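What follows is model09.tsv (TSV, C-alpha atoms).
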```tsv
chain	number	residue	atom	x	y	z
C	1	MET	CA	174.39	52.33	155.18
C	2	ILE	CA	171.65	49.70	155.02
C	3	PHE	CA	171.02	47.35	152.12
C	4	PHE	CA	167.28	46.95	151.42
C	5	PRO	CA	166.44	43.96	149.20
C	6	ALA	CA	163.16	44.67	147.42
C	7	ILE	CA	160.07	42.49	147.29
C	8	ASP	CA	157.62	43.90	144.74
C	9	LEU	CA	154.24	42.20	144.92
C	10	LYS	CA	151.89	41.73	141.98
C	11	ASP	CA	148.94	39.37	142.27
C	12	GLY	CA	150.53	37.82	145.37
C	13	GLN	CA	153.81	36.99	143.62
C	14	CYS	CA	157.29	38.51	143.89
C	15	VAL	CA	158.02	40.27	140.62
C	16	ARG	CA	160.21	42.94	139.06
C	17	LEU	CA	158.96	45.48	136.55
C	18	LEU	CA	160.90	47.23	133.81
C	19	ARG	CA	160.67	51.01	134.33
C	20	GLY	CA	157.40	50.61	136.23
C	21	GLU	CA	155.44	48.92	133.40
C	22	MET	CA	152.96	46.47	134.93
C	23	ASP	CA	152.73	44.48	131.70
C	24	LYS	CA	156.49	43.92	131.80
C	25	ALA	CA	156.59	41.91	135.01
C	26	THR	CA	158.95	39.01	135.61
C	27	VAL	CA	157.91	36.59	138.35
C	28	PHE	CA	160.79	35.53	140.60
C	29	ASN	CA	158.99	33.77	143.43
C	30	ASP	CA	155.37	32.85	144.09
C	31	ASP	CA	155.98	32.50	147.84
C	32	ALA	CA	156.45	35.99	149.31
C	33	GLY	CA	156.97	34.71	152.84
C	34	ALA	CA	159.74	32.35	151.76
C	35	GLN	CA	161.42	35.16	149.85
C	36	GLY	CA	161.34	37.44	152.86
C	37	LYS	CA	162.76	34.70	155.09
C	38	ALA	CA	165.56	34.05	152.60
C	39	PHE	CA	166.62	37.70	152.74
C	40	ALA	CA	166.48	37.76	156.53
C	41	ASP	CA	168.44	34.52	156.80
C	42	ALA	CA	171.08	35.96	154.45
C	43	GLY	CA	171.80	38.68	156.99
C	44	CYS	CA	169.79	41.61	155.66
C	45	GLU	CA	168.75	44.15	158.30
C	46	TRP	CA	165.64	45.51	156.56
C	47	LEU	CA	163.20	44.60	153.77
C	48	HIS	CA	161.65	46.97	151.24
C	49	VAL	CA	158.18	45.78	150.18
C	50	VAL	CA	155.90	47.33	147.55
C	51	ASP	CA	152.26	46.47	146.83
C	52	LEU	CA	152.33	47.18	143.09
C	53	ASN	CA	148.62	46.47	142.56
C	54	GLY	CA	147.87	48.74	145.49
C	55	ALA	CA	149.90	51.57	143.98
C	56	PHE	CA	147.68	51.50	140.89
C	57	GLU	CA	144.37	50.91	142.66
C	58	GLY	CA	144.99	53.34	145.53
C	59	LYS	CA	144.27	50.78	148.25
C	60	PRO	CA	146.00	47.69	149.71
C	61	VAL	CA	145.66	44.66	147.44
C	62	ASN	CA	148.43	42.21	148.36
C	63	GLY	CA	147.64	42.10	152.07
C	64	ALA	CA	147.88	38.31	152.37
C	65	ALA	CA	151.32	38.27	150.77
C	66	VAL	CA	152.53	41.10	153.02
C	67	LYS	CA	151.30	39.27	156.10
C	68	SER	CA	153.06	36.09	154.98
C	69	ILE	CA	156.30	38.07	154.83
C	70	LEU	CA	155.76	39.54	158.29
C	71	ASP	CA	155.04	36.09	159.70
C	72	ALA	CA	158.27	34.73	158.22
C	73	ILE	CA	160.83	37.39	159.19
C	74	HIS	CA	162.49	38.70	162.34
C	75	ILE	CA	163.74	41.96	160.80
C	76	PRO	CA	161.87	45.22	160.13
C	77	ALA	CA	160.13	45.87	156.82
C	78	GLN	CA	159.01	49.07	155.14
C	79	LEU	CA	155.95	49.00	152.89
C	80	GLY	CA	154.65	51.23	150.12
C	81	GLY	CA	151.88	51.05	147.55
C	82	GLY	CA	148.25	52.11	147.92
C	83	ILE	CA	148.67	53.73	151.34
C	84	ARG	CA	146.57	56.86	150.99
C	85	ASP	CA	144.86	57.53	154.35
C	86	MET	CA	145.45	57.46	158.10
C	87	ASP	CA	143.39	54.32	158.63
C	88	THR	CA	145.57	52.34	156.21
C	89	ILE	CA	148.74	53.71	157.78
C	90	ALA	CA	147.54	52.64	161.22
C	91	TYR	CA	146.42	49.25	159.91
C	92	TRP	CA	149.83	48.35	158.51
C	93	LEU	CA	151.80	49.66	161.46
C	94	ASN	CA	149.57	47.69	163.82
C	95	ALA	CA	150.03	44.64	161.61
C	96	GLY	CA	153.79	44.74	162.14
C	97	ILE	CA	155.15	46.92	159.34
C	98	ALA	CA	157.96	49.03	160.83
C	99	ARG	CA	157.66	51.94	158.40
C	100	VAL	CA	155.07	52.91	155.80
C	101	ILE	CA	156.00	54.69	152.58
C	102	LEU	CA	153.72	57.44	151.31
C	103	GLY	CA	154.13	58.22	147.62
C	104	THR	CA	151.17	59.50	145.63
C	105	VAL	CA	149.51	60.98	148.71
C	106	ALA	CA	152.67	62.95	149.52
C	107	LEU	CA	152.05	64.96	146.38
C	108	ARG	CA	148.24	64.99	146.52
C	109	ASN	CA	147.82	65.59	150.26
C	110	PRO	CA	151.03	66.72	152.00
C	111	ASP	CA	149.04	67.59	155.14
C	112	LEU	CA	148.35	63.87	155.61
C	113	VAL	CA	152.09	63.19	155.61
C	114	ARG	CA	152.60	65.80	158.32
C	115	ALA	CA	149.74	64.43	160.41
C	116	ALA	CA	151.00	60.86	160.02
C	117	CYS	CA	154.53	61.82	161.06
C	118	LYS	CA	153.11	63.45	164.17
C	119	GLU	CA	150.89	60.48	164.99
C	120	PHE	CA	153.53	57.84	164.19
C	121	PRO	CA	157.01	59.30	164.80
C	122	ASP	CA	159.88	57.66	162.87
C	123	GLN	CA	157.47	55.30	161.12
C	124	VAL	CA	156.60	57.31	158.01
C	125	ALA	CA	158.79	57.60	154.91
C	126	VAL	CA	158.08	59.48	151.69
C	127	GLY	CA	158.66	57.80	148.35
C	128	ILE	CA	159.64	60.21	145.59
C	129	ASP	CA	159.69	58.58	142.18
C	130	ALA	CA	161.09	60.81	139.45
C	131	ARG	CA	160.84	60.68	135.69
C	132	ASP	CA	163.18	63.24	134.11
C	133	GLY	CA	163.32	65.02	137.46
C	134	PHE	CA	159.55	65.34	137.92
C	135	VAL	CA	157.46	63.41	140.44
C	136	ALA	CA	155.45	60.47	139.05
C	137	VAL	CA	152.41	59.14	140.92
C	138	GLU	CA	149.59	56.57	140.71
C	139	GLY	CA	152.00	53.67	140.23
C	140	TRP	CA	154.14	55.88	137.96
C	141	ALA	CA	151.25	56.13	135.49
C	142	GLU	CA	151.11	59.95	135.81
C	143	VAL	CA	153.91	62.50	135.80
C	144	SER	CA	153.23	65.72	137.70
C	145	GLU	CA	154.64	69.20	137.25
C	146	MET	CA	156.33	69.03	140.66
C	147	LYS	CA	160.08	68.65	140.72
C	148	ALA	CA	161.37	65.88	142.95
C	149	PHE	CA	163.70	68.22	144.84
C	150	ASP	CA	160.86	70.65	145.55
C	151	LEU	CA	158.64	67.91	146.97
C	152	ALA	CA	161.42	66.65	149.21
C	153	ALA	CA	162.05	70.16	150.51
C	154	GLN	CA	158.38	70.50	151.53
C	155	PHE	CA	158.81	67.87	154.24
C	156	GLU	CA	162.04	69.11	155.82
C	157	ASP	CA	160.26	70.08	159.04
C	158	ALA	CA	157.64	67.30	159.03
C	159	GLY	CA	159.59	64.58	160.82
C	160	VAL	CA	159.76	62.21	157.83
C	161	ALA	CA	161.91	59.19	158.70
C	162	ALA	CA	163.41	58.90	155.21
C	163	ILE	CA	163.03	59.94	151.59
C	164	ILE	CA	163.16	57.01	149.17
C	165	TYR	CA	164.31	58.43	145.85
C	166	THR	CA	163.78	56.38	142.70
C	167	ASP	CA	164.85	57.30	139.18
C	168	ILE	CA	162.16	55.52	137.15
C	169	ALA	CA	164.24	55.42	133.96
C	170	ARG	CA	166.79	53.28	135.79
C	171	ASP	CA	164.38	51.02	137.70
C	172	GLY	CA	164.66	47.39	136.65
C	173	ALA	CA	166.84	48.32	133.69
C	174	MET	CA	170.12	47.12	135.27
C	175	GLN	CA	171.93	50.18	133.94
C	176	GLY	CA	173.20	51.59	137.21
C	177	PRO	CA	171.66	54.17	139.57
C	178	ASN	CA	171.46	57.89	139.00
C	179	VAL	CA	174.26	58.63	141.46
C	180	GLU	CA	174.52	62.32	140.64
C	181	ALA	CA	170.83	63.14	141.16
C	182	THR	CA	170.57	60.96	144.27
C	183	ILE	CA	173.57	62.52	146.00
C	184	LYS	CA	172.49	66.01	144.95
C	185	LEU	CA	169.11	65.44	146.60
C	186	ALA	CA	170.65	63.95	149.73
C	187	ALA	CA	173.02	66.89	150.07
C	188	SER	CA	170.19	69.42	149.72
C	189	ILE	CA	168.01	68.16	152.60
C	190	SER	CA	168.48	67.01	156.17
C	191	THR	CA	166.05	64.07	155.89
C	192	PRO	CA	167.87	60.74	155.36
C	193	VAL	CA	167.74	59.52	151.74
C	194	ILE	CA	167.54	55.94	150.48
C	195	ALA	CA	168.72	55.37	146.90
C	196	SER	CA	166.61	53.26	144.56
C	197	GLY	CA	166.44	52.40	140.88
C	198	GLY	CA	169.00	50.72	138.64
C	199	VAL	CA	171.33	49.30	141.30
C	200	ALA	CA	172.68	46.36	139.32
C	201	SER	CA	176.02	45.33	140.82
C	202	MET	CA	178.40	45.57	143.74
C	203	ALA	CA	180.19	48.23	141.72
C	204	ASP	CA	177.01	50.34	141.84
C	205	LEU	CA	176.87	49.95	145.61
C	206	GLN	CA	180.50	50.99	145.82
C	207	ALA	CA	179.84	54.05	143.63
C	208	LEU	CA	176.99	55.18	145.88
C	209	LYS	CA	179.00	54.52	149.02
C	210	GLU	CA	182.00	56.46	147.73
C	211	ALA	CA	179.91	59.34	146.41
C	212	GLY	CA	177.80	59.87	149.47
C	213	GLY	CA	177.98	57.14	152.06
C	214	ASP	CA	177.69	59.74	154.78
C	215	LEU	CA	174.60	61.25	153.13
C	216	LEU	CA	172.59	58.11	152.39
C	217	GLU	CA	170.72	55.92	154.85
C	218	GLY	CA	170.75	53.00	152.46
C	219	VAL	CA	170.27	51.48	149.03
C	220	ILE	CA	167.42	49.42	147.56
C	221	SER	CA	167.94	46.74	144.92
C	222	GLY	CA	165.59	44.18	143.44
C	223	ARG	CA	166.25	42.68	140.03
C	224	ALA	CA	170.00	42.41	140.56
C	225	VAL	CA	169.39	40.35	143.70
C	226	TYR	CA	167.00	37.97	141.93
C	227	ASP	CA	169.30	37.70	138.91
C	228	GLY	CA	172.21	36.79	141.17
C	229	GLU	CA	174.27	39.87	140.37
C	230	ILE	CA	174.14	41.00	144.01
C	231	GLU	CA	174.26	38.59	146.94
C	232	PRO	CA	172.13	40.27	149.63
C	233	GLY	CA	174.19	39.16	152.61
C	234	GLU	CA	177.41	40.33	151.01
C	235	ALA	CA	175.79	43.65	150.03
C	236	SER	CA	174.56	44.18	153.59
C	237	ARG	CA	178.00	43.56	155.04
C	238	PHE	CA	179.67	45.79	152.46
C	239	LEU	CA	177.39	48.77	153.04
C	240	LYS	CA	177.42	48.36	156.79
C	241	GLY	CA	181.21	48.23	156.84
```
Translate the structure of the given file into structure tokens.
Amino acid sequence: MIFFPAIDLKDGQCVRLLRGEMDKATVFNDDAGAQGKAFADAGCEWLHVVDLNGAFEGKPVNGAAVKSILDAIHIPAQLGGGIRDMDTIAYWLNAGIARVILGTVALRNPDLVRAACKEFPDQVAVGIDARDGFVAVEGWAEVSEMKAFDLAAQFEDAGVAAIIYTDIARDGAMQGPNVEATIKLAASISTPVIASGGVASMADLQALKEAGGDLLEGVISGRAVYDGEIEPGEASRFLKG
């Protein structure tokens, strides 16, 4: 399994939100590039980056901060937030992003996901963010009538590199991940699943590893890393071993 430390970008700064609320942002670092380098130097194998402003506005907003991260690291990074068309997908992949994450557009325009997977094999992931089991979009501002499991199943034959599953109620709350729902999803599809939301301690990483280490590609954590509850290098070694 891979440990993905999260860099969430708002107005060029590294922040964490509480349950996706933009007005409940805590700034942890105003130098995104330095933060990315710190994670890489600690021994992390991947970075998870989100353009929070972009997720709300439907277009890239924190491009300068993303580029500063790419310039500072030697490891791959996946990026989500505001990526809604083929031109933007191509732009970021050409800029050095290893994998783009399609969220809102996966629900609104699943044909784009299929086309992108065909055009850019192994470089397209789908982000499924669930509130009470239903898919939330537009930066989590809207909850759809689509169940998360049903959306994931739609892309079984599309060539999606990974499904990133986030339980919004747990995100940033430091209350532990939704292990049961995450493992249930991972067991129901063949696409690799990355767990996200609420991972607050090494004990949470151990719980996910024990429950479904053979089913999960990795785990994302943000606030716990910035708060010092999880040391990213240690987490990477633990999950890898």
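For the set C:Phe28, C:Tyr165, C:Tyr226, C:Phe149, the residue with the smallest atom-to-atom gap to Thr182 in chain C is C:Tyr165, counting only C-alpha atoms.
Summary of the local environment: counting all atoms listed in the file, residues at most 9 Å from Glu145 in chain C, other than itself and those fewer than 2 positions away along its chain, are Phe134, Val135, Ala136, Val143 and Lys147 of chain C.
Distances from C:Ala161, C:Val137, C:Ala106, C:Leu93 to Pro121 in chain C were compared using all atoms listed in the file, and the smallest one belongs to C:Ala161.
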Using CA of Ala207 in chain C and CA of Leu102 in chain C as the two end points, give the distance in Å to one decimal.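 Distance between the two atoms: 27.4 Å.
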Contact residues around range 68-76 of chain C with all atoms listed in the file at 8 Å, ignoring same-chain residues under 4 positions, as a PyMOL selection string: chain C and resi 32-37+40+44-47+64+96-98
Next, write the just-selected residues to a file, as a PDB file, in the coordinates of the input, keeping C-alpha atoms as the atom set.
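Printed below is selection20.pdb as written:
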```pdb
ATOM      1  CA  ALA C  32     156.450  35.990 149.310  1.00  0.00           C
ATOM      2  CA  GLY C  33     156.970  34.710 152.840  1.00  0.00           C
ATOM      3  CA  ALA C  34     159.740  32.350 151.760  1.00  0.00           C
ATOM      4  CA  GLN C  35     161.420  35.160 149.850  1.00  0.00           C
ATOM      5  CA  GLY C  36     161.340  37.440 152.860  1.00  0.00           C
ATOM      6  CA  LYS C  37     162.760  34.700 155.090  1.00  0.00           C
ATOM      7  CA  ALA C  40     166.480  37.760 156.530  1.00  0.00           C
ATOM      8  CA  CYS C  44     169.790  41.610 155.660  1.00  0.00           C
ATOM      9  CA  GLU C  45     168.750  44.150 158.300  1.00  0.00           C
ATOM     10  CA  TRP C  46     165.640  45.510 156.560  1.00  0.00           C
ATOM     11  CA  LEU C  47     163.200  44.600 153.770  1.00  0.00           C
ATOM     12  CA  ALA C  64     147.880  38.310 152.370  1.00  0.00           C
ATOM     13  CA  GLY C  96     153.790  44.740 162.140  1.00  0.00           C
ATOM     14  CA  ILE C  97     155.150  46.920 159.340  1.00  0.00           C
ATOM     15  CA  ALA C  98     157.960  49.030 160.830  1.00  0.00           C
TER      16      ALA C  98
END
```
So, with all atoms listed in the file as the atoms that count, which of C:Ile194, C:Cys117, C:Ile164, C:Leu107 lies closest to Leu151 in chain C?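 Closest residue, counting all atoms listed in the file: C:Leu107.
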Please identify all polymer residues within 7 Å of range 215-220 of chain C, counting all atoms listed in the file, omitting same-chain residues fewer than 5 positions from it, and present them as a ChimeraX atom specification. /C:1-6,186-187,192-196
Here CA of Ile7 in chain C and CA of Asn94 in chain C stand apart by 20.3 Å
Counting all atoms listed in the file, figure out which residue out of C:Gly233, C:Gly212, C:Gly198, C:Gly127 gets nearest to Ala152 in chain C. C:Gly127
Go through C:Lys10, C:Lys184, C:Lys59, C:Arg223 and flag the residue nearest Val199 in chain C, using all atoms listed in the file for the distances.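 Closest to Val199 in chain C, using all atoms listed in the file: C:Arg223.
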Could you tell me how far CA of Lys67 in chain C sits from CA of Ala95 in chain C, in Å to one decimal place?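 Going from CA of Ala95 in chain C over to CA of Lys67 in chain C, I get 7.8 Å.
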Which polymer residues have any atom within 12 Å of an atom of Gly241 in chain C, counting all atoms listed in the file, with same-chain residues fewer than 4 positions away left out, as a PyMOL selection string? chain C and resi 1-3+206+209+213+234-237
Could you tell me which of C:Ala25, C:Met202, C:Ile101, C:Leu208 comes closest to Glu229 in chain C if we count all atoms listed in the file? C:Met202
